[in-house]
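Listing of upload-v1.tsv; format and content: TSV, C-alpha atoms and all ligand atoms.
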```tsv
chain	number	residue	atom	x	y	z
A	489	MET	CA	-22.27	-43.38	100.25
A	490	VAL	CA	-19.68	-42.90	102.99
A	491	THR	CA	-18.33	-39.84	101.20
A	492	THR	CA	-21.82	-38.30	101.01
A	493	ASP	CA	-22.35	-38.95	104.72
A	494	ARG	CA	-19.10	-37.24	105.57
A	495	LEU	CA	-19.96	-34.28	103.39
A	496	LEU	CA	-23.35	-33.92	105.04
A	497	ARG	CA	-21.83	-33.99	108.50
A	498	LYS	CA	-18.98	-31.59	107.73
A	499	THR	CA	-19.00	-28.66	110.14
A	500	VAL	CA	-18.94	-25.29	108.49
A	501	ARG	CA	-17.26	-22.76	110.75
A	502	ALA	CA	-16.80	-19.05	110.61
A	503	LYS	CA	-13.40	-17.51	111.18
A	504	ILE	CA	-12.00	-14.06	111.84
A	505	SER	CA	-10.03	-13.30	108.70
A	506	SER	CA	-8.69	-9.90	109.74
A	507	ILE	CA	-8.66	-7.50	112.66
A	508	ALA	CA	-7.97	-3.81	113.16
A	509	ALA	CA	-8.40	-1.26	115.91
A	510	TYR	CA	-8.51	2.48	116.28
A	511	VAL	CA	-8.36	4.91	119.18
A	512	PRO	CA	-8.61	8.69	118.92
A	513	PRO	CA	-5.25	10.50	119.26
A	514	ARG	CA	-6.06	12.58	122.36
A	515	VAL	CA	-4.80	10.99	125.60
A	516	LEU	CA	-6.30	11.58	129.05
A	517	THR	CA	-3.75	10.57	131.71
A	518	ASN	CA	-4.20	9.95	135.40
A	519	ALA	CA	-2.33	13.21	135.98
A	520	ASP	CA	-4.98	15.01	133.90
A	521	LEU	CA	-7.72	13.40	136.01
A	522	GLU	CA	-5.95	14.45	139.22
A	523	ARG	CA	-6.52	18.02	138.08
A	524	MET	CA	-10.25	17.37	137.41
A	525	VAL	CA	-11.41	15.32	140.45
A	526	ASP	CA	-10.10	14.24	143.86
A	527	THR	CA	-8.17	11.16	142.73
A	528	SER	CA	-4.60	9.96	142.34
A	529	ASP	CA	-2.50	7.96	139.91
A	530	GLU	CA	-1.73	5.58	142.78
A	531	TRP	CA	-5.43	4.92	143.54
A	532	ILE	CA	-6.30	4.34	139.88
A	533	MET	CA	-3.30	2.09	139.21
A	534	GLN	CA	-3.88	0.05	142.33
A	535	ARG	CA	-7.68	-0.37	141.95
A	536	VAL	CA	-8.00	-0.85	138.18
A	537	GLY	CA	-4.54	-0.64	136.58
A	538	ILE	CA	-5.28	2.20	134.14
A	539	ARG	CA	-2.51	4.67	133.30
A	540	GLU	CA	-4.16	6.52	130.43
A	541	ARG	CA	-7.12	6.35	128.08
A	542	HIS	CA	-7.93	7.91	124.68
A	543	ILE	CA	-10.75	10.41	124.42
A	544	VAL	CA	-12.40	11.88	121.32
A	545	ASP	CA	-12.44	15.57	120.50
A	546	PRO	CA	-15.86	17.24	120.55
A	547	GLY	CA	-17.99	16.28	117.55
A	548	VAL	CA	-16.33	12.88	117.00
A	549	ALA	CA	-18.81	10.01	117.28
A	550	THR	CA	-18.74	6.21	117.56
A	551	SER	CA	-19.15	5.73	113.80
A	552	ASP	CA	-16.03	7.85	113.20
A	553	LEU	CA	-13.90	5.47	115.29
A	554	ALA	CA	-15.70	2.46	113.79
A	555	LYS	CA	-14.98	3.73	110.28
A	556	GLU	CA	-11.21	3.86	110.83
A	557	ALA	CA	-11.07	0.35	112.32
A	558	SER	CA	-13.45	-1.08	109.69
A	559	LEU	CA	-11.66	0.26	106.62
A	560	LEU	CA	-8.37	-1.12	107.91
A	561	ALA	CA	-9.87	-4.52	108.75
A	562	ILE	CA	-11.47	-4.75	105.30
A	563	GLN	CA	-8.21	-3.80	103.62
A	564	LYS	CA	-6.24	-6.33	105.70
A	565	ALA	CA	-8.68	-9.04	104.61
A	566	GLY	CA	-7.85	-8.17	101.01
A	567	LEU	CA	-11.39	-6.95	100.43
A	568	LYS	CA	-13.23	-3.79	99.41
A	569	PRO	CA	-16.14	-2.27	101.35
A	570	ASP	CA	-18.50	-3.45	98.63
A	571	ASP	CA	-17.55	-7.07	99.44
A	572	ILE	CA	-19.13	-6.77	102.92
A	573	ASP	CA	-22.73	-8.01	103.02
A	574	PHE	CA	-23.52	-7.67	106.74
A	575	ILE	CA	-22.53	-5.15	109.41
A	576	LEU	CA	-23.04	-5.70	113.12
A	577	VAL	CA	-22.04	-2.83	115.40
A	578	ALA	CA	-21.87	-3.52	119.12
A	579	THR	CA	-22.13	-0.25	120.97
A	580	THR	CA	-23.66	1.36	124.04
A	581	THR	CA	-22.96	4.85	122.71
A	582	PRO	CA	-24.53	4.97	119.23
A	583	ASP	CA	-24.15	8.22	117.27
A	584	THR	CA	-27.89	8.77	117.79
A	585	MET	CA	-30.83	6.78	119.20
A	586	PHE	CA	-31.70	6.16	115.56
A	587	PRO	CA	-30.72	5.59	112.81
A	588	SER	CA	-28.39	2.84	113.94
A	589	THR	CA	-24.64	3.33	113.90
A	590	ALA	CA	-24.48	0.34	111.52
A	591	CYS	CA	-26.44	2.40	108.98
A	592	VAL	CA	-24.20	5.43	109.48
A	593	LEU	CA	-21.11	3.22	109.15
A	594	GLN	CA	-22.42	1.49	106.03
A	595	ALA	CA	-22.71	4.85	104.29
A	596	LYS	CA	-19.37	6.16	105.63
A	597	ILE	CA	-17.31	3.21	104.41
A	598	GLY	CA	-19.33	2.70	101.21
A	599	ALA	CA	-20.42	-0.86	101.93
A	600	HIS	CA	-23.24	-0.55	99.42
A	601	HIS	CA	-24.25	-4.21	99.50
A	602	ALA	CA	-24.46	-4.61	103.28
A	603	TRP	CA	-27.41	-4.70	105.62
A	604	GLY	CA	-26.95	-4.58	109.36
A	605	TYR	CA	-27.91	-3.28	112.75
A	606	ASP	CA	-26.62	-2.35	116.20
A	607	LEU	CA	-26.40	-4.70	119.14
A	608	VAL	CA	-26.60	-3.45	122.73
A	609	ALA	CA	-24.89	-5.69	125.27
A	610	ALA	CA	-22.56	-3.16	126.94
A	611	CYS	CA	-19.15	-4.69	127.66
A	612	SER	CA	-20.25	-8.07	126.23
A	613	GLY	CA	-21.18	-6.36	122.97
A	614	PHE	CA	-18.25	-7.73	120.96
A	615	THR	CA	-18.57	-11.33	122.17
A	616	TYR	CA	-22.32	-11.27	121.48
A	617	ALA	CA	-21.85	-9.68	118.05
A	618	LEU	CA	-19.12	-12.16	117.12
A	619	THR	CA	-21.39	-15.01	118.21
A	620	ALA	CA	-24.32	-13.75	116.14
A	621	ALA	CA	-22.31	-12.92	113.03
A	622	SER	CA	-20.35	-16.18	113.11
A	623	GLN	CA	-23.57	-18.18	113.28
A	624	LEU	CA	-24.99	-16.27	110.31
A	625	VAL	CA	-21.79	-16.74	108.31
A	626	ALA	CA	-21.50	-20.44	109.19
A	627	ALA	CA	-25.11	-20.98	108.12
A	628	GLY	CA	-24.46	-19.31	104.77
A	629	GLY	CA	-26.59	-16.22	105.47
A	630	SER	CA	-23.62	-13.90	105.03
A	631	ARG	CA	-20.42	-14.37	103.07
A	632	ARG	CA	-18.39	-11.54	104.54
A	633	ALA	CA	-19.54	-9.93	107.75
A	634	LEU	CA	-18.04	-6.89	109.44
A	635	VAL	CA	-18.25	-7.07	113.23
A	636	VAL	CA	-17.45	-3.89	115.11
A	637	GLY	CA	-17.11	-3.14	118.82
A	638	ALA	CA	-16.99	0.62	119.30
A	639	ASP	CA	-17.79	3.10	122.04
A	640	VAL	CA	-17.33	6.74	122.84
A	641	MET	CA	-17.75	6.29	126.58
A	642	SER	CA	-16.59	9.87	127.19
A	643	SER	CA	-19.99	10.98	125.82
A	644	ILE	CA	-21.80	9.41	128.80
A	645	ILE	CA	-19.22	9.84	131.56
A	646	ASP	CA	-19.62	12.44	134.29
A	647	TYR	CA	-16.19	14.02	134.61
A	648	THR	CA	-17.12	15.36	138.05
A	649	ASP	CA	-17.74	11.82	139.42
A	650	ARG	CA	-14.42	10.30	140.49
A	651	THR	CA	-15.95	6.85	141.00
A	652	THR	CA	-16.63	6.40	137.26
A	653	CYS	CA	-14.65	8.97	135.26
A	654	VAL	CA	-11.29	7.30	135.84
A	655	LEU	CA	-12.44	3.96	134.42
A	656	PHE	CA	-13.44	4.52	130.81
A	657	GLY	CA	-11.95	5.44	127.44
A	658	ASP	CA	-12.99	5.62	123.78
A	659	GLY	CA	-12.03	3.15	121.07
A	660	ALA	CA	-13.09	0.77	118.32
A	661	GLY	CA	-12.13	-2.59	116.89
A	662	ALA	CA	-13.38	-4.39	113.80
A	663	VAL	CA	-13.08	-7.88	112.39
A	664	VAL	CA	-14.08	-9.44	109.09
A	665	VAL	CA	-15.80	-12.80	109.52
A	666	GLU	CA	-15.89	-15.33	106.69
A	667	GLN	CA	-16.39	-19.08	106.31
A	668	SER	CA	-13.36	-21.13	107.27
A	669	ASP	CA	-12.08	-23.70	104.80
A	670	ASP	CA	-10.57	-25.72	107.67
A	671	ASP	CA	-13.08	-26.99	110.21
A	672	GLY	CA	-10.44	-27.00	112.96
A	673	ILE	CA	-9.88	-23.26	112.55
A	674	GLY	CA	-12.30	-20.50	113.45
A	675	ILE	CA	-15.08	-19.94	116.00
A	676	LEU	CA	-15.39	-23.26	117.83
A	677	ASP	CA	-17.95	-22.54	120.53
A	678	PHE	CA	-19.65	-19.82	122.50
A	679	GLU	CA	-21.43	-19.45	125.82
A	680	ASN	CA	-23.57	-16.41	126.52
A	681	TYR	CA	-26.01	-15.67	129.33
A	682	ILE	CA	-27.57	-12.72	131.08
A	683	ASP	CA	-28.81	-11.84	134.55
A	684	GLY	CA	-31.32	-9.05	134.03
A	685	ASN	CA	-31.70	-8.48	137.76
A	686	GLY	CA	-28.27	-6.85	137.69
A	687	GLY	CA	-29.49	-3.87	135.63
A	688	PRO	CA	-29.58	-1.22	138.38
A	689	ALA	CA	-25.97	-1.93	139.39
A	690	LEU	CA	-24.66	-0.38	136.17
A	691	CYS	CA	-26.76	1.83	133.94
A	692	MET	CA	-27.49	5.20	132.41
A	693	PRO	CA	-30.85	6.03	134.00
A	694	ALA	CA	-32.30	8.61	131.57
A	695	GLY	CA	-32.54	9.25	127.86
A	696	GLY	CA	-34.65	6.22	126.98
A	697	SER	CA	-38.43	5.73	127.00
A	698	ARG	CA	-38.59	5.32	130.79
A	699	GLN	CA	-37.15	8.75	131.51
A	700	PRO	CA	-36.91	10.78	128.31
A	701	ALA	CA	-34.51	13.71	128.35
A	702	SER	CA	-35.90	16.69	130.22
A	703	ARG	CA	-34.54	19.68	132.08
A	704	GLU	CA	-34.90	17.63	135.30
A	705	THR	CA	-32.98	14.60	134.02
A	706	VAL	CA	-30.17	16.86	132.86
A	707	ASP	CA	-30.11	18.79	136.16
A	708	GLN	CA	-29.97	15.47	138.06
A	709	ARG	CA	-27.11	14.26	135.84
A	710	LEU	CA	-29.05	11.14	134.84
A	711	HIS	CA	-27.54	10.92	131.35
A	712	TYR	CA	-24.29	9.57	132.74
A	713	VAL	CA	-23.02	6.12	133.75
A	714	LYS	CA	-24.04	5.21	137.33
A	715	GLN	CA	-22.68	2.14	139.01
A	716	ASP	CA	-22.45	0.25	142.26
A	717	GLY	CA	-18.77	-0.62	141.84
A	718	GLN	CA	-18.52	-3.38	144.41
A	719	THR	CA	-21.59	-5.25	143.15
A	720	VAL	CA	-20.22	-5.08	139.61
A	721	PHE	CA	-16.78	-6.16	140.78
A	722	LYS	CA	-18.03	-9.28	142.59
A	723	PHE	CA	-20.34	-10.30	139.74
A	724	ALA	CA	-17.57	-9.75	137.18
A	725	VAL	CA	-14.94	-11.87	138.94
A	726	ARG	CA	-17.38	-14.73	139.60
A	727	ASN	CA	-18.85	-14.79	136.11
A	728	MET	CA	-15.67	-14.16	134.15
A	729	GLU	CA	-14.47	-17.39	135.72
A	730	GLU	CA	-17.83	-19.17	135.36
A	731	VAL	CA	-18.25	-18.51	131.64
A	732	CYS	CA	-14.70	-19.70	130.93
A	733	ARG	CA	-15.23	-22.83	133.00
A	734	ARG	CA	-18.46	-23.68	131.16
A	735	ILE	CA	-16.79	-23.43	127.76
A	736	LEU	CA	-13.74	-25.40	128.84
A	737	GLU	CA	-15.82	-28.20	130.36
A	738	ARG	CA	-18.15	-28.49	127.39
A	739	ASN	CA	-15.17	-28.85	125.07
A	740	ASN	CA	-13.27	-31.25	127.34
A	741	LEU	CA	-10.50	-28.73	127.79
A	742	THR	CA	-8.53	-27.52	130.78
A	743	ALA	CA	-6.97	-24.12	131.33
A	744	ASN	CA	-3.65	-25.68	130.20
A	745	ASP	CA	-5.06	-26.17	126.71
A	746	ILE	CA	-5.77	-22.47	126.29
A	747	ASP	CA	-2.97	-20.52	124.60
A	748	ILE	CA	-4.38	-17.10	125.36
A	749	LEU	CA	-7.21	-15.53	127.35
A	750	VAL	CA	-8.52	-12.31	125.86
A	751	PRO	CA	-10.80	-10.83	128.51
A	752	HIS	CA	-12.91	-7.70	128.56
A	753	GLN	CA	-10.75	-4.96	130.09
A	754	ALA	CA	-12.74	-3.44	132.97
A	755	SER	CA	-10.12	-3.78	135.68
A	756	GLY	CA	-6.75	-5.47	136.01
A	757	ARG	CA	-7.88	-6.79	139.38
A	758	ILE	CA	-11.01	-8.44	137.91
A	759	ILE	CA	-9.01	-10.04	135.10
A	760	LEU	CA	-6.20	-11.36	137.30
A	761	ALA	CA	-8.59	-12.65	139.98
A	762	ALA	CA	-10.56	-14.61	137.36
A	763	ALA	CA	-7.39	-15.89	135.68
A	764	GLU	CA	-5.98	-17.06	139.00
A	765	LYS	CA	-9.16	-18.97	139.84
A	766	LEU	CA	-8.97	-20.63	136.42
A	767	GLY	CA	-5.30	-21.49	136.95
A	768	LEU	CA	-4.15	-19.43	133.96
A	769	PRO	CA	-0.68	-17.92	134.30
A	770	ARG	CA	-0.31	-14.17	133.79
A	771	ASP	CA	1.64	-14.60	130.54
A	772	LYS	CA	-1.38	-16.26	128.90
A	773	VAL	CA	-3.65	-13.30	129.68
A	774	VAL	CA	-3.89	-10.22	127.48
A	775	ILE	CA	-4.05	-7.02	129.54
A	776	ASN	CA	-3.87	-3.64	127.85
A	777	ILE	CA	-6.24	-1.70	130.12
A	778	ASP	CA	-3.26	0.42	131.26
A	779	ARG	CA	-3.22	2.14	127.83
A	780	PHE	CA	-6.89	2.28	126.92
A	781	GLY	CA	-9.08	2.01	130.03
A	782	ASN	CA	-12.45	0.36	129.63
A	783	THR	CA	-13.65	1.04	126.07
A	784	THR	CA	-16.74	-1.17	126.61
A	785	ALA	CA	-17.46	-2.99	123.30
A	786	GLY	CA	-14.01	-1.96	122.08
A	787	THR	CA	-11.89	-3.74	124.67
A	788	ILE	CA	-11.79	-7.28	123.26
A	789	PRO	CA	-10.98	-6.34	119.66
A	790	LEU	CA	-8.37	-3.86	120.95
A	791	ALA	CA	-6.84	-6.65	123.04
A	792	LEU	CA	-7.03	-9.18	120.17
A	793	ASN	CA	-5.38	-6.66	117.89
A	794	ASP	CA	-2.54	-6.16	120.38
A	795	ALA	CA	-2.08	-9.92	120.77
A	796	VAL	CA	-1.81	-10.35	117.00
A	797	ALA	CA	0.54	-7.38	116.67
A	798	ASP	CA	2.93	-8.63	119.37
A	799	GLY	CA	2.96	-12.17	117.96
A	800	ARG	CA	1.18	-13.83	120.87
A	801	LEU	CA	-1.82	-14.80	118.73
A	802	THR	CA	-0.86	-16.68	115.59
A	803	ARG	CA	-2.56	-19.20	113.32
A	804	GLY	CA	-3.71	-22.31	115.17
A	805	LYS	CA	-3.55	-20.81	118.68
A	806	LEU	CA	-6.51	-21.56	120.93
A	807	ALA	CA	-8.00	-18.34	122.31
A	808	LEU	CA	-10.75	-17.79	124.83
A	809	LEU	CA	-12.59	-14.46	124.81
A	810	ALA	CA	-14.57	-13.60	127.94
A	811	SER	CA	-16.70	-10.64	128.92
A	812	VAL	CA	-18.97	-9.36	131.67
A	813	GLY	CA	-20.94	-6.17	131.28
A	814	ALA	CA	-23.97	-4.12	132.23
A	815	GLY	CA	-27.23	-6.00	132.16
A	816	PHE	CA	-25.65	-8.10	133.49
A	817	THR	CA	-24.38	-9.70	130.29
A	818	VAL	CA	-21.82	-12.49	130.23
A	819	GLY	CA	-20.13	-13.84	127.12
A	820	GLY	CA	-17.48	-16.30	126.08
A	821	VAL	CA	-16.15	-17.34	122.67
A	822	LEU	CA	-13.67	-20.13	122.02
A	823	LEU	CA	-11.76	-19.91	118.78
A	824	ARG	CA	-8.74	-21.24	116.99
A	825	TRP	CA	-7.06	-18.25	115.33
A	826	ALA	CA	-6.98	-18.12	111.59
B	1	LIG	N1	-10.03	8.11	143.39
B	1	LIG	C1	-9.85	8.11	144.74
B	1	LIG	N2	-10.75	7.59	145.58
B	1	LIG	C2	-11.86	7.04	145.04
B	1	LIG	C3	-12.08	7.02	143.66
B	1	LIG	C4	-11.11	7.59	142.82
B	1	LIG	N3	-11.22	7.63	141.49
B	1	LIG	N4	-13.26	6.41	143.42
B	1	LIG	C5	-13.75	6.04	144.62
B	1	LIG	N5	-12.92	6.43	145.58
B	1	LIG	C6	-13.05	6.26	147.02
B	1	LIG	C7	-14.48	6.08	147.43
B	1	LIG	O1	-15.17	7.32	147.53
B	1	LIG	C8	-14.31	5.43	148.77
B	1	LIG	O2	-14.00	6.41	149.73
B	1	LIG	P1	-14.63	6.36	151.19
B	1	LIG	O3	-14.14	5.07	151.78
B	1	LIG	O4	-14.07	7.59	151.83
B	1	LIG	O5	-16.11	6.40	150.98
B	1	LIG	C9	-13.07	4.56	148.58
B	1	LIG	O6	-12.41	5.07	147.42
B	1	LIG	C10	-13.41	3.10	148.34
B	1	LIG	O7	-14.47	3.03	147.40
B	1	LIG	P2	-15.01	1.67	146.89
B	1	LIG	O8	-16.11	1.91	145.93
B	1	LIG	O9	-15.26	0.77	148.06
B	1	LIG	O10	-13.72	1.15	146.12
B	1	LIG	P3	-13.48	-0.25	145.48
B	1	LIG	O11	-12.33	-0.88	146.11
B	1	LIG	O12	-14.74	-1.03	145.35
B	1	LIG	O13	-13.02	0.19	144.02
B	1	LIG	C11	-13.91	0.21	141.80
B	1	LIG	C12	-13.94	0.86	143.18
B	1	LIG	C13	-12.51	0.39	141.22
B	1	LIG	C14	-14.90	0.94	140.90
B	1	LIG	C15	-14.24	-1.29	141.93
B	1	LIG	O14	-15.41	-1.46	142.69
B	1	LIG	C16	-14.40	-1.95	140.62
B	1	LIG	O15	-13.44	-2.18	139.91
B	1	LIG	N6	-15.64	-2.29	140.23
B	1	LIG	C17	-15.94	-2.81	138.96
B	1	LIG	C18	-16.48	-1.70	138.18
B	1	LIG	C19	-16.23	-1.79	136.71
B	1	LIG	O16	-15.26	-2.34	136.28
B	1	LIG	N7	-17.10	-1.21	135.94
B	1	LIG	C20	-16.92	-1.11	134.56
B	1	LIG	C21	-18.06	-1.53	133.77
B	1	LIG	S1	-18.61	-3.13	134.14
B	1	LIG	C22	-17.61	-4.18	133.48
B	1	LIG	O17	-17.00	-3.84	132.52
B	1	LIG	C23	-17.45	-5.48	134.11
```

Transcribe the structure of this file into structure tokens.
Ligand code: ACO
Amino acid sequence: MVTTDRLLRKTVRAKISSIAAYVPPRVLTNADLERMVDTSDEWIMQRVGIRERHIVDPGVATSDLAKEASLLAIQKAGLKPDDIDFILVATTTPDTMFPSTACVLQAKIGAHHAWGYDLVAACSGFTYALTAASQLVAAGGSRRALVVGADVMSSIIDYTDRTTCVLFGDGAGAVVVEQSDDDGIGILDFENYIDGNGGPALCMPAGGSRQPASRETVDQRLHYVKQDGQTVFKFAVRNMEEVCRRILERNNLTANDIDILVPHQASGRIILAAAEKLGLPRDKVVINIDRFGNTTAGTIPLALNDAVADGRLTRGKLALLASVGAGFTVGGVLLRWA
């Protein structure tokens, strides 16, 4: 009887069983940007901490980056594309309005048994997608899910606008999510919320049903990222801290218990300000924005991948992922690395 009770109450968790990332080979440095707009390496380094970012060549789309990261993640998990039964692609720059990039990716990698869809949550795309997929996997609705965060931000950046063009880059990361056989390992908790009133502070005004593409929208450059940088900055610092605090408190943890913070990479200043308020030392915070810029849904898997590669994230380590993005969207995931 006791045994049955225990079995019934056993928590089934999902875990990340492999990770991979991909950025296109072409590099856009601050020196390159100095030749395009009135900016300087000093300004960019001081305000956001970006040295260079990777940019696709013409004709390369989000699914192309996603494909490279996905095939590697699947291989690292010891699987074949046909083993994947669910694909969730977080992106703000899908190949086309429709079909979804998940459909394009499914065909490109030959995941013949997978269904899936795209998820739009801007810079919180990966944390939201990981939340959704891990719940589906834990509940038994998927055995092996592929979660991708991928963006070709260069396709919606105005390279004549110095206030935005220095910030973003292109890149993709992918993870395979499966059930964990150890209930102490895997996705432990999540905390997601949105503040829809923040929409106008960071958006691409045209190209959707509100303002379909027209000669006027193109002339007015409305198919590019527009942002009120200071509003975004203040919201990001406050809520990066807030979402981490909520997760820590709910799990009776303090910042000391966290081995590594893997934040969305929008700005070194945002990340360090939030970390300082949380009392997390710099060496527990993954920052790779200097090499990649803000790749939107790609930043967290790119940062996770770096942390695994440099040995900072190993089995059993407690990691906190945190994101703030357009919407506004805010996300946090607590996990013990598998
Ligand atoms: N190079 C040189 N000067 C610049 C540049 C540039 N690339 N961009 C703006 N400036 C100038 C401005 O024109 C302004 O000049 P002025 O005083 O003569 O008018 C001056 O620098 C200061 O501009 P601010 O906008 O006040 O600069 P701020 O200190 O706020 O920094 C920044 C701007 C870096 C965008 C900051 O607000 C920020 O980091 N915001 C967060 C934005 C963000 O991260 N967005 C990404 C997506 S959202 C997310 O991921 C959380």

Practice problem: For ligand LIG 1 (chain B), list the contacting residues at 6 Å or closer, counting only C-alpha atoms and all ligand atoms, as a list in words. | Solution: Thr527, Ser528, Trp531, Arg535, Val536, Cys611, Arg650, Thr651, Val654, Gly717, Gln718, Val720, Phe721, Ala724, Ala754, Ser755, Val812, Gly813 and Ala814 of chain A

Exercise. Would you be able to write out as number ranges by chain which residues have an atom within 9 Å of (-19.4, -6.8, 124.0) in the file's coordinates, counting all atoms listed in the file?
Key: A: 578-579, 607-618, 637, 752, 784-788, 811-813, 817-819

Practice problem: Rounded to one decimal place, report the atom CA of Leu634 of chain A-atom CA of Ser558 of chain A distance in Å. | Solution: 7.4 Å

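With distances restricted to all atoms listed in the file, A:Ile775 is the closest residue to Ile538 of chain A from A:Val731, A:Leu766, A:Ala633, A:Ile775.
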
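Between atom CA of Lys772 of chain A and atom CA of Ile746 of chain A the separation is 8.0 Å.
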
Quiz item: Can you tell me, as a PyMOL selection string, what residues are no more than 10 Å from Thr550 of chain A when counting only C-alpha atoms, ignoring any on the same chain fewer than 3 positions away?
Solution: chain A and resi 544+553-555+577+579-584+589+592-593+637-641+643+658-660

Exercise. Find the spatial neighbours of Leu792 of chain A, counting all atoms listed in the file, within a cut-off of 8 Å - ignore same-chain residues fewer than 4 positions away - and output them as a list in words.
Key: Ile507, Val750, Ile788, Val796 and Leu801 of chain A

Distance table requested - segment 625-717 of chain A against segment 734-740 of chain A, cut-off 9 Å, all atoms listed in the file: one row per qualifying residue with the closest atom pair and its distance in Å to one decimal, ordered by chain and rising residue number, as a tab-separated table.
```
residue	atom	partner	partner_atom	distance
A:Asp677	CA	A:Ile735	CA	7.4
A:Phe678	CA	A:Ile735	CA	7.0
A:Glu679	CA	A:Ile735	CA	6.4
```

Quick one: write out the picked residues with C-alpha atoms as a compact mmCIF listing (two decimals), in the frame of the given file?
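Wrote it out as out.txt, contents follow:
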```txt
# COMPACT_ATOMS: atom_id res chain seq x y z
CA ASP A 677 -17.95 -22.54 120.53
CA PHE A 678 -19.65 -19.82 122.50
CA GLU A 679 -21.43 -19.45 125.82
```

Self-check item: Contacts of Gln563 of chain A at 12 Å (all atoms listed in the file; same-chain gap of 6+ positions) as JSON, numbers by chain
Solution: {"A": [505, 506, 507, 508, 556, 557, 569, 570, 571, 572, 597, 634, 662, 663, 664]}

Quiz item: So which one's closest to Ala565 of chain A, A:Asp545, A:Asp552, A:Asp778, A:Glu666? Using only C-alpha atoms, please.
Solution: A:Glu666

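Across A:Asn685, A:Ser668, A:Ser588, A:Asn793, the tightest approach to Arg824 of chain A is made by A:Ser668 when counting only C-alpha atoms.
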
Quiz item: For Glu764 of chain A, which residue among A:Val725, A:Ala797, A:Ala791, A:Ile575 is the nearest when counting only C-alpha atoms?
Solution: A:Val725

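Distance annotation: of A:Arg632, A:Cys653, A:Ala509, A:Gly604, the residue with the minimal separation from Asp526 of chain A is A:Cys653; atom set is all atoms listed in the file.
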
Exercise. May I have the residues at most 12 Å from (1.6, 11.4, 132.7) in the file's coordinates, counting only C-alpha atoms, as a count of residues only?
Key: 16

Exercise. Work out how far atom CA of Pro789 of chain A is from atom CA of Pro513 of chain A, in Å to one decimal.
Key: 17.8 Å

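Closest approach to Phe816 of chain A among A:Lys722, A:Asp671, A:Gly537, A:Gly566 is made by A:Lys722 (distances from only C-alpha atoms).
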